[in-house]
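K.L.:
Enclosed is the structure file query_34.txt (compact mmCIF, C-alpha atoms).
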# COMPACT_ATOMS: atom_id res chain seq x y z
CA TRP N 276 106.82 116.43 89.06
CA ARG N 277 105.32 113.77 86.88
CA SER N 278 106.02 113.27 83.17
CA ALA N 279 103.61 111.39 80.92
CA ARG N 280 105.16 108.35 79.29
CA THR N 281 103.54 106.41 76.47
CA GLU N 282 105.89 103.47 76.10
CA TRP N 283 106.36 99.75 76.48
CA PRO N 284 107.74 98.55 79.83
CA ALA N 285 111.46 98.92 80.50
CA TRP N 286 113.77 97.90 83.36
CA SER N 287 116.56 100.38 82.66
CA THR N 288 117.59 102.80 85.42
CA PRO N 289 117.72 106.48 84.32
CA ALA N 290 121.11 108.20 84.28
CA LEU N 291 122.34 111.81 84.48
CA LEU N 292 124.33 113.57 81.75
CA ARG N 293 125.95 116.95 82.36
CA SER N 294 125.22 119.43 79.58
CA SER N 295 125.92 123.05 78.62
CA GLY N 296 124.83 125.60 76.05
CA LEU N 297 121.63 127.54 75.44
CA SER N 298 119.45 124.43 75.30
CA ALA N 299 120.76 123.00 78.56
CA PRO N 300 118.27 122.85 81.44
CA LYS N 301 118.85 124.85 84.58
CA GLY N 302 121.61 123.16 86.53
CA GLY N 303 123.30 121.86 83.37
CA THR N 304 122.14 118.27 83.75
CA GLU N 305 119.88 116.05 81.65
CA LEU N 306 118.08 112.95 82.90
CA VAL N 307 118.28 110.21 80.24
CA THR N 308 115.83 107.31 80.09
CA ASN N 309 116.23 104.21 77.95
CA SER N 310 112.94 102.80 76.66
CA PRO N 311 111.98 100.39 73.87
CA HIS N 312 110.84 103.01 71.33
CA PHE N 313 112.65 106.19 72.35
CA ILE N 314 115.68 107.36 74.28
CA ARG N 315 114.63 110.56 76.03
CA GLY N 316 116.30 113.47 77.75
CA HIS N 317 114.43 115.26 80.56
CA ASP N 318 115.03 118.24 82.79
CA PRO N 319 115.59 116.51 86.17
CA ARG N 320 114.17 119.53 88.02
CA THR N 321 110.83 119.67 86.22
CA GLY N 322 110.46 116.41 84.30
CA LYS N 323 110.02 118.30 81.03
CA GLU N 324 111.03 116.25 77.99
CA LEU N 325 113.88 118.04 76.21
CA TRP N 326 114.63 115.65 73.35
CA ARG N 327 114.13 112.13 72.12
CA VAL N 328 116.05 109.75 69.86
CA GLU N 329 114.04 107.07 68.11
CA ASP N 330 115.17 103.46 68.50
CA PRO N 331 113.00 101.67 65.92
CA LYS N 332 111.79 98.16 66.72
CA GLY N 333 113.37 98.16 70.16
CA GLU N 334 111.90 96.18 73.04
CA VAL N 335 112.72 94.82 76.50
CA LYS N 336 115.20 97.52 77.53
CA VAL N 337 117.17 96.44 80.61
CA VAL N 338 120.58 98.10 80.29
CA THR N 339 121.27 101.37 82.11
CA PRO N 340 122.79 104.27 80.09
CA VAL N 341 126.42 105.12 80.91
CA ALA N 342 127.76 108.70 80.95
CA ALA N 343 131.38 109.17 79.90
CA ASP N 344 133.47 111.83 78.14
CA GLY N 345 130.49 114.11 77.54
CA LEU N 346 128.45 111.31 75.96
CA MET N 347 125.63 109.07 77.08
CA ILE N 348 126.18 105.50 75.88
CA VAL N 349 122.81 103.81 75.43
CA THR N 350 122.46 100.10 74.71
CA GLY N 351 120.04 97.25 75.28
CA GLY N 352 117.10 95.52 73.71
CA TYR N 353 116.11 92.16 72.31
CA PRO N 354 117.85 90.17 70.89
CA SER N 355 121.29 90.24 72.51
CA GLY N 356 123.83 91.51 70.01
CA GLY N 357 121.17 92.50 67.51
CA ARG N 358 120.40 96.05 68.59
CA PRO N 359 122.31 99.32 68.05
CA ILE N 360 124.68 101.10 70.39
CA TYR N 361 124.13 104.88 70.60
CA ALA N 362 126.55 107.57 71.78
CA ILE N 363 124.44 110.67 72.43
CA ARG N 364 125.65 114.21 73.17
CA PRO N 365 123.69 116.60 75.38
CA GLY N 366 120.66 117.88 73.52
CA GLY N 367 119.96 114.52 71.91
CA HIS N 368 122.58 114.70 69.15
CA VAL N 369 123.87 111.26 68.12
CA ALA N 370 127.69 111.37 67.98
CA TRP N 371 128.03 107.82 66.68
CA ARG N 372 126.15 104.54 66.59
CA THR N 373 126.64 100.92 65.63
CA GLU N 374 124.07 98.84 63.78
CA ASN N 375 124.30 95.92 66.22
CA GLY N 376 126.37 94.53 69.10
CA SER N 377 124.26 95.82 71.99
CA PRO N 378 123.94 93.62 75.10
CA TYR N 379 120.58 92.44 76.43
CA THR N 380 121.35 92.42 80.18
CA PRO N 381 124.86 93.60 81.24
CA THR N 382 125.48 97.35 81.38
CA PRO N 383 128.75 98.35 79.64
CA VAL N 384 131.63 100.00 81.47
CA VAL N 385 133.88 102.83 80.30
CA TYR N 386 137.47 102.72 81.53
CA GLU N 387 140.32 105.01 80.41
CA GLY N 388 138.54 106.08 77.24
CA LEU N 389 137.48 102.60 76.14
CA LEU N 390 133.94 101.21 76.16
CA TYR N 391 133.70 97.54 77.17
CA VAL N 392 130.48 95.93 75.96
CA LEU N 393 129.71 92.43 77.25
CA ARG N 394 127.02 90.48 75.45
CA ASP N 395 125.03 87.84 77.30
CA ASN N 396 126.88 85.04 75.50
CA GLY N 397 130.30 86.12 76.78
CA VAL N 398 131.55 88.06 73.76
CA VAL N 399 133.38 91.26 74.73
CA THR N 400 133.65 94.11 72.24
CA VAL N 401 135.78 97.16 72.98
CA TYR N 402 135.21 100.56 71.36
CA ASP N 403 136.88 103.93 71.46
CA VAL N 404 134.23 105.80 73.42
CA LYS N 405 134.77 109.12 71.61
CA THR N 406 134.72 107.85 68.01
CA GLY N 407 132.93 104.51 68.12
CA GLU N 408 135.87 102.77 66.46
CA ARG N 409 135.90 99.07 67.29
CA VAL N 410 139.19 98.19 68.96
CA TYR N 411 138.75 94.42 69.29
CA GLN N 412 136.22 91.65 69.86
CA GLN N 413 136.88 88.48 71.82
CA ARG N 414 134.94 85.65 73.45
CA LEU N 415 135.93 85.33 77.11
CA ALA N 416 135.66 81.53 77.19
CA THR N 417 134.05 78.60 75.43
CA GLY N 418 131.57 76.37 77.20
CA THR N 419 130.62 78.95 79.81
CA GLY N 420 127.09 79.92 80.73
CA GLY N 421 125.49 83.28 80.10
CA PHE N 422 126.34 86.65 81.64
CA SER N 423 123.86 88.81 83.56
CA ALA N 424 126.22 90.79 85.81
CA SER N 425 127.74 93.99 84.47
CA PRO N 426 131.52 94.37 84.12
CA VAL N 427 133.42 96.60 86.54
CA GLY N 428 136.85 98.14 86.15
CA ALA N 429 139.71 99.19 88.42
CA ASP N 430 143.49 98.93 88.76
CA ASP N 431 143.88 98.57 84.96
CA ARG N 432 141.70 95.48 85.01
CA ILE N 433 138.16 94.69 83.90
CA TYR N 434 136.15 92.04 85.81
CA PHE N 435 133.43 89.95 84.16
CA THR N 436 131.21 87.61 86.22
CA SER N 437 129.37 84.74 84.53
CA GLU N 438 126.16 83.10 85.70
CA ASP N 439 128.20 79.92 86.23
CA GLY N 440 130.14 81.72 88.95
CA GLU N 441 133.38 82.36 87.06
CA ILE N 442 135.05 85.76 87.34
CA TYR N 443 137.17 86.52 84.28
CA VAL N 444 139.79 89.25 84.56
CA ILE N 445 141.32 90.97 81.54
CA ARG N 446 143.90 93.70 81.31
CA ALA N 447 142.37 97.06 80.41
CA GLY N 448 143.65 98.41 77.10
CA ARG N 449 143.51 98.08 73.35
CA THR N 450 144.72 94.46 73.25
CA PHE N 451 142.92 91.46 74.73
CA GLU N 452 144.83 89.75 77.54
CA LEU N 453 143.12 87.30 79.91
CA LEU N 454 144.80 87.56 83.30
CA GLY N 455 142.76 85.12 85.33
CA GLN N 456 139.66 82.97 85.69
CA ASN N 457 138.32 82.60 89.22
CA PRO N 458 135.64 80.05 90.20
CA MET N 459 133.28 81.21 92.93
CA GLY N 460 131.56 77.84 93.22
CA GLN N 461 127.96 79.05 92.83
CA VAL N 462 125.67 80.83 90.42
CA CYS N 463 126.40 84.58 90.17
CA MET N 464 123.75 86.94 88.82
CA ALA N 465 124.71 90.19 90.57
CA THR N 466 127.29 92.77 89.55
CA PRO N 467 130.33 92.89 91.89
CA ALA N 468 130.79 96.05 93.94
CA ILE N 469 134.09 97.78 94.67
CA SER N 470 134.84 99.37 98.04
CA GLY N 471 138.35 100.49 98.91
CA ASP N 472 140.66 97.53 98.32
CA MET N 473 137.82 95.03 98.37
CA LEU N 474 135.83 93.36 95.61
CA ILE N 475 132.40 92.33 96.93
CA VAL N 476 130.79 89.39 95.15
CA ARG N 477 127.34 87.89 95.80
CA THR N 478 126.70 84.31 94.75
CA ARG N 479 123.50 82.33 95.18
CA SER N 480 123.89 81.90 98.93
CA VAL N 481 127.11 83.63 100.00
CA LEU N 482 128.39 87.21 100.09
CA TYR N 483 132.19 87.43 99.62
CA GLY N 484 134.51 90.30 100.41
CA ILE N 485 137.72 89.57 98.48
CA GLY N 486 140.71 91.63 99.53
CA GLY N 487 141.48 93.25 102.85
CA GLY N 488 139.45 91.91 105.80
CA VAL N 489 137.87 89.10 103.78
CA LEU N 490 137.01 86.85 106.72
CA SER N 491 135.45 89.59 108.83
CA ALA N 492 133.39 90.74 105.86
CA ARG N 493 131.91 87.30 105.40
CA GLN N 494 131.48 86.62 109.09
CA ALA N 495 129.30 89.71 109.32
CA ILE N 496 126.87 87.99 106.97
CA THR N 497 127.11 84.31 107.95
CA SER N 498 128.16 84.53 111.63
CA GLU N 499 130.58 81.65 111.09
CA ARG N 500 134.19 81.25 110.08
CA HIS N 501 135.15 79.82 106.71
CA GLU N 502 138.67 78.92 105.58
CA ASP N 503 137.73 78.00 101.99
CA LEU N 504 137.15 81.48 100.62
CA PRO N 505 138.32 81.86 97.01
CA THR N 506 141.01 84.43 96.26
CA LEU N 507 141.38 86.27 92.95
CA ASP N 508 144.73 85.56 91.33
CA VAL N 509 145.24 89.21 90.32
CA PRO N 510 145.46 92.38 92.45
CA THR N 511 142.17 93.71 93.75
CA PRO N 512 141.16 97.29 92.89
CA THR N 513 141.33 100.43 94.98
CA THR N 514 138.87 103.30 94.99
CA ARG N 515 141.44 105.80 93.66
CA GLN N 516 142.03 103.66 90.59
CA ILE N 517 138.41 103.42 89.56
CA ARG N 518 137.82 105.50 86.42
CA SER N 519 134.30 104.70 85.30
CA ARG N 520 132.07 101.85 86.32
CA HIS N 521 128.48 100.93 86.83
CA VAL N 522 127.39 98.76 89.73
CA ARG N 523 123.91 97.34 89.93
CA ASP N 524 122.05 94.25 90.93
CA ALA N 525 122.01 92.51 87.57
CA GLY N 526 119.53 89.74 88.31
CA ARG N 527 117.42 89.24 85.23
CA PRO N 528 114.23 91.36 85.11
CA PRO N 529 110.82 89.76 85.11
CA ALA N 530 109.61 88.68 81.71
CA PRO N 531 107.49 91.45 80.16
CA THR N 532 103.84 90.98 79.40
CA ARG N 533 103.54 91.10 75.64
CA PRO N 534 101.71 89.45 72.76
CA ALA N 535 102.70 85.89 71.91
CA SER N 536 103.88 87.04 68.48
CA ARG N 537 106.87 88.81 69.97
CA PRO N 538 110.09 86.83 70.49
CA PRO N 539 110.67 85.01 73.80
CA ARG N 540 112.85 86.46 76.50
CA VAL N 541 116.43 85.66 75.56
CA ARG N 542 118.82 83.67 77.68
CA SER N 543 121.93 83.60 75.55
CA GLY N 544 124.78 81.39 76.68
CA ARG N 545 126.13 80.16 73.37
CA GLY N 546 126.42 81.42 69.87
CA SER N 547 128.79 82.30 67.10
CA LEU N 548 131.27 85.15 67.39
CA ARG N 549 130.08 88.02 65.25
What does this structure look like when you write it as structure tokens?
P.N.:
Amino acid sequence: WRSARTEWPAWSTPALLRSSGLSAPKGGTELVTNSPHFIRGHDPRTGKELWRVEDPKGEVKVVTPVAADGLMIVTGGYPSGGRPIYAIRPGGHVAWRTENGSPYTPTPVVYEGLLYVLRDNGVVTVYDVKTGERVYQQRLATGTGGFSASPVGADDRIYFTSEDGEIYVIRAGRTFELLGQNPMGQVCMATPAISGDMLIVRTRSVLYGIGGGVLSARQAITSERHEDLPTLDVPTPTTRQIRSRHVRDAGRPPAPTRPASRPPRVRSGRGSLR
């Protein structure tokens, strides 16, 4: 199938939301796309547009929607922190929304009922995913560079990777607690992946497997032995403990082609806590 799309360019990956009721498509699943002007739900079998939610004045959508607890959490748009966050039920019904706080590049993660939103300048805001209540807001660190990689969660911990190559680890929950800060030694743009008891991290020139079998994982890529591999100072996750996460290559998208009157592509690394 092919569905006509009159929209500005977007770099957001579509996501699937399970639905039910009389309006649900056959198979009980909706395909949700995140675009600058509208968030749309489609029948994934036919491509038919089922609903749309207007996102006025949106542009440069990068962030992928996240499905959790019967909701699709949709974020993204320029500028970082200045766009709404939407929680959408099947059928296109908005359960809750915020007026601002949306990230520009990192995709949020939902873990144990909490939504962790990381803005490009390193400010983390945590929400109750069902109600939209803000639980807390905290800057991870001062003086750090921007964040492009998406957070991942496992083993009651949330991992945040900065472009400077620092992996910050906080305890999952309703209170902020920084457990560790781990330097990888190189620029990191990609989201870490989790496989079994291993956290896989890609820096500018090295692929690390941190956890069980770390040396063999790296040797498979570099064909040489290294004794200087960094180790995270907190337990690594296991597959069984993963609740909800999104893993993607979070390298920044190409700059969109747009009139000069529109704002420049943001690269936020500093700013006030709001």
K.L.:
Atom CA of Ile442 of chain N and atom CA of Arg477 of chain N, how far apart in Å?
P.N.:
11.6 Å
K.L.:
Show me the residues around (128.4, 88.6, 94.4) - criterion: an atom at most 7 Å away, only C-alpha atoms counted - as a compact mmCIF listing (two decimals) with C-alpha atoms, in the frame of the given file.
P.N.:
# COMPACT_ATOMS: atom_id res chain seq x y z
CA CYS N 463 126.40 84.58 90.17
CA ALA N 465 124.71 90.19 90.57
CA THR N 466 127.29 92.77 89.55
CA PRO N 467 130.33 92.89 91.89
CA ILE N 475 132.40 92.33 96.93
CA VAL N 476 130.79 89.39 95.15
CA ARG N 477 127.34 87.89 95.80
CA THR N 478 126.70 84.31 94.75
CA LEU N 482 128.39 87.21 100.09
CA TYR N 483 132.19 87.43 99.62
K.L.:
Find the residue from N:Met464, N:Leu474, N:Ile445, N:Leu390 that sits nearest to Ala416 of chain N; use all atoms listed in the file when measuring.
P.N.:
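Selected residue with least distance to Ala416 of chain N: N:Ile445.
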K.L.:
Find, counting all atoms listed in the file, the residue in N:Gly418, N:Pro311, N:Pro354, N:Pro319 that gets nearest to Gly333 of chain N.
P.N.:
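Nearest to Gly333 of chain N: N:Pro311.
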K.L.:
Would you list the contacts of segment 401-415 of chain N as an NGL selection string, taking every protein, DNA or RNA residue within 10 Å and counting all atoms listed in the file, but skipping same-chain residues closer than 4 positions in sequence?
P.N.:
:N and (343-348 or 360-362 or 370-373 or 383-394 or 396-397 or 419 or 435 or 437 or 443-445 or 447-453 or 456 or 547-549)
K.L.:
So that I can check the surroundings of Pro378 of chain N, please list as a list in words every protein, DNA and RNA residue that reaches within 10 Å of it, counting only C-alpha atoms and ignoring chain neighbours fewer than 3 positions away.
P.N.:
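Surrounding residues, per the criterion: Lys336, Val337, Val338, Thr350, Gly351, Gly352, Tyr353, Pro354, Ser355, Gly356, Gly357, Arg358, Pro359, Ile360, Asn375, Pro381, Thr382, Pro383, Val392, Leu393, Arg394, Asp395, Asn396, Gly397, Val398, Val399, Phe422 and Ser423 of chain N.
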K.L.:
As a short mmCIF file (atom, residue, chain, number, x, y, z; two decimals), in the frame of the given file, could you write out segment 319-330 of chain N once it has been completed with all heavy atoms?
P.N.:
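Result file part-v9.cif:
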data_model
loop_
_atom_site.label_atom_id
_atom_site.label_comp_id
_atom_site.auth_asym_id
_atom_site.auth_seq_id
_atom_site.Cartn_x
_atom_site.Cartn_y
_atom_site.Cartn_z
N PRO N 319 115.81 117.22 84.91
CA PRO N 319 115.59 116.51 86.17
C PRO N 319 114.90 117.35 87.23
O PRO N 319 114.38 116.80 88.21
CB PRO N 319 117.01 116.11 86.61
CG PRO N 319 117.89 117.10 85.94
CD PRO N 319 117.24 117.43 84.64
N ARG N 320 114.83 118.67 87.04
CA ARG N 320 114.17 119.53 88.02
C ARG N 320 112.66 119.60 87.80
O ARG N 320 111.90 119.76 88.75
CB ARG N 320 114.77 120.94 87.97
CG ARG N 320 116.23 121.01 88.38
CD ARG N 320 116.81 122.38 88.10
NE ARG N 320 118.18 122.47 88.53
CZ ARG N 320 118.58 122.97 89.70
NH1 ARG N 320 117.68 123.45 90.55
NH2 ARG N 320 119.85 123.01 90.01
N THR N 321 112.24 119.48 86.54
CA THR N 321 110.83 119.67 86.22
C THR N 321 110.18 118.46 85.57
O THR N 321 108.96 118.36 85.53
CB THR N 321 110.65 120.86 85.25
OG1 THR N 321 111.28 120.54 84.00
CG2 THR N 321 111.30 122.11 85.82
N GLY N 322 111.00 117.55 85.02
CA GLY N 322 110.46 116.41 84.30
C GLY N 322 110.16 116.70 82.84
O GLY N 322 109.76 115.79 82.09
N LYS N 323 110.33 117.93 82.40
CA LYS N 323 110.02 118.30 81.03
C LYS N 323 110.89 117.51 80.06
O LYS N 323 112.10 117.42 80.23
CB LYS N 323 110.23 119.79 80.81
CG LYS N 323 109.98 120.24 79.38
CD LYS N 323 110.31 121.72 79.20
CE LYS N 323 110.14 122.16 77.75
NZ LYS N 323 110.49 123.59 77.57
N GLU N 324 110.27 116.94 79.01
CA GLU N 324 111.03 116.25 77.99
C GLU N 324 111.74 117.27 77.11
O GLU N 324 111.12 118.18 76.56
CB GLU N 324 110.13 115.36 77.14
CG GLU N 324 110.91 114.56 76.10
CD GLU N 324 110.03 113.62 75.31
OE1 GLU N 324 109.11 112.99 75.90
OE2 GLU N 324 110.26 113.49 74.08
N LEU N 325 113.06 117.11 76.97
CA LEU N 325 113.88 118.04 76.21
C LEU N 325 114.18 117.52 74.80
O LEU N 325 114.30 118.30 73.87
CB LEU N 325 115.20 118.28 76.94
CG LEU N 325 115.10 118.80 78.38
CD1 LEU N 325 116.47 118.82 79.03
CD2 LEU N 325 114.46 120.18 78.39
N TRP N 326 114.32 116.23 74.65
CA TRP N 326 114.63 115.65 73.35
C TRP N 326 114.33 114.15 73.38
O TRP N 326 114.14 113.57 74.45
CB TRP N 326 116.10 115.89 72.98
CG TRP N 326 117.11 115.47 74.01
CD1 TRP N 326 117.71 116.27 74.94
CD2 TRP N 326 117.64 114.15 74.22
NE1 TRP N 326 118.58 115.54 75.72
CE2 TRP N 326 118.56 114.24 75.28
CE3 TRP N 326 117.44 112.92 73.62
CZ2 TRP N 326 119.27 113.12 75.76
CZ3 TRP N 326 118.14 111.80 74.08
CH2 TRP N 326 119.05 111.92 75.13
N ARG N 327 114.29 113.57 72.21
CA ARG N 327 114.13 112.13 72.12
C ARG N 327 114.85 111.63 70.88
O ARG N 327 114.93 112.31 69.86
CB ARG N 327 112.65 111.72 72.09
CG ARG N 327 111.86 112.26 70.92
CD ARG N 327 110.46 111.66 70.84
NE ARG N 327 109.65 111.93 72.03
CZ ARG N 327 108.43 111.44 72.20
NH1 ARG N 327 107.88 110.67 71.26
NH2 ARG N 327 107.74 111.72 73.29
N VAL N 328 115.40 110.43 70.99
CA VAL N 328 116.05 109.75 69.86
C VAL N 328 115.29 108.45 69.63
O VAL N 328 115.13 107.64 70.55
CB VAL N 328 117.53 109.46 70.17
CG1 VAL N 328 118.15 108.59 69.06
CG2 VAL N 328 118.31 110.75 70.33
N GLU N 329 114.82 108.26 68.42
CA GLU N 329 114.04 107.07 68.11
C GLU N 329 114.94 105.85 68.02
O GLU N 329 116.03 105.90 67.44
CB GLU N 329 113.29 107.25 66.79
CG GLU N 329 112.34 106.10 66.48
CD GLU N 329 111.57 106.31 65.20
OE1 GLU N 329 111.90 107.26 64.45
OE2 GLU N 329 110.64 105.53 64.94
N ASP N 330 114.48 104.75 68.61
CA ASP N 330 115.17 103.46 68.50
C ASP N 330 114.17 102.48 67.89
O ASP N 330 113.48 101.75 68.60
CB ASP N 330 115.63 102.98 69.88
CG ASP N 330 116.45 101.70 69.79
OD1 ASP N 330 116.89 101.34 68.68
OD2 ASP N 330 116.64 101.05 70.84
#
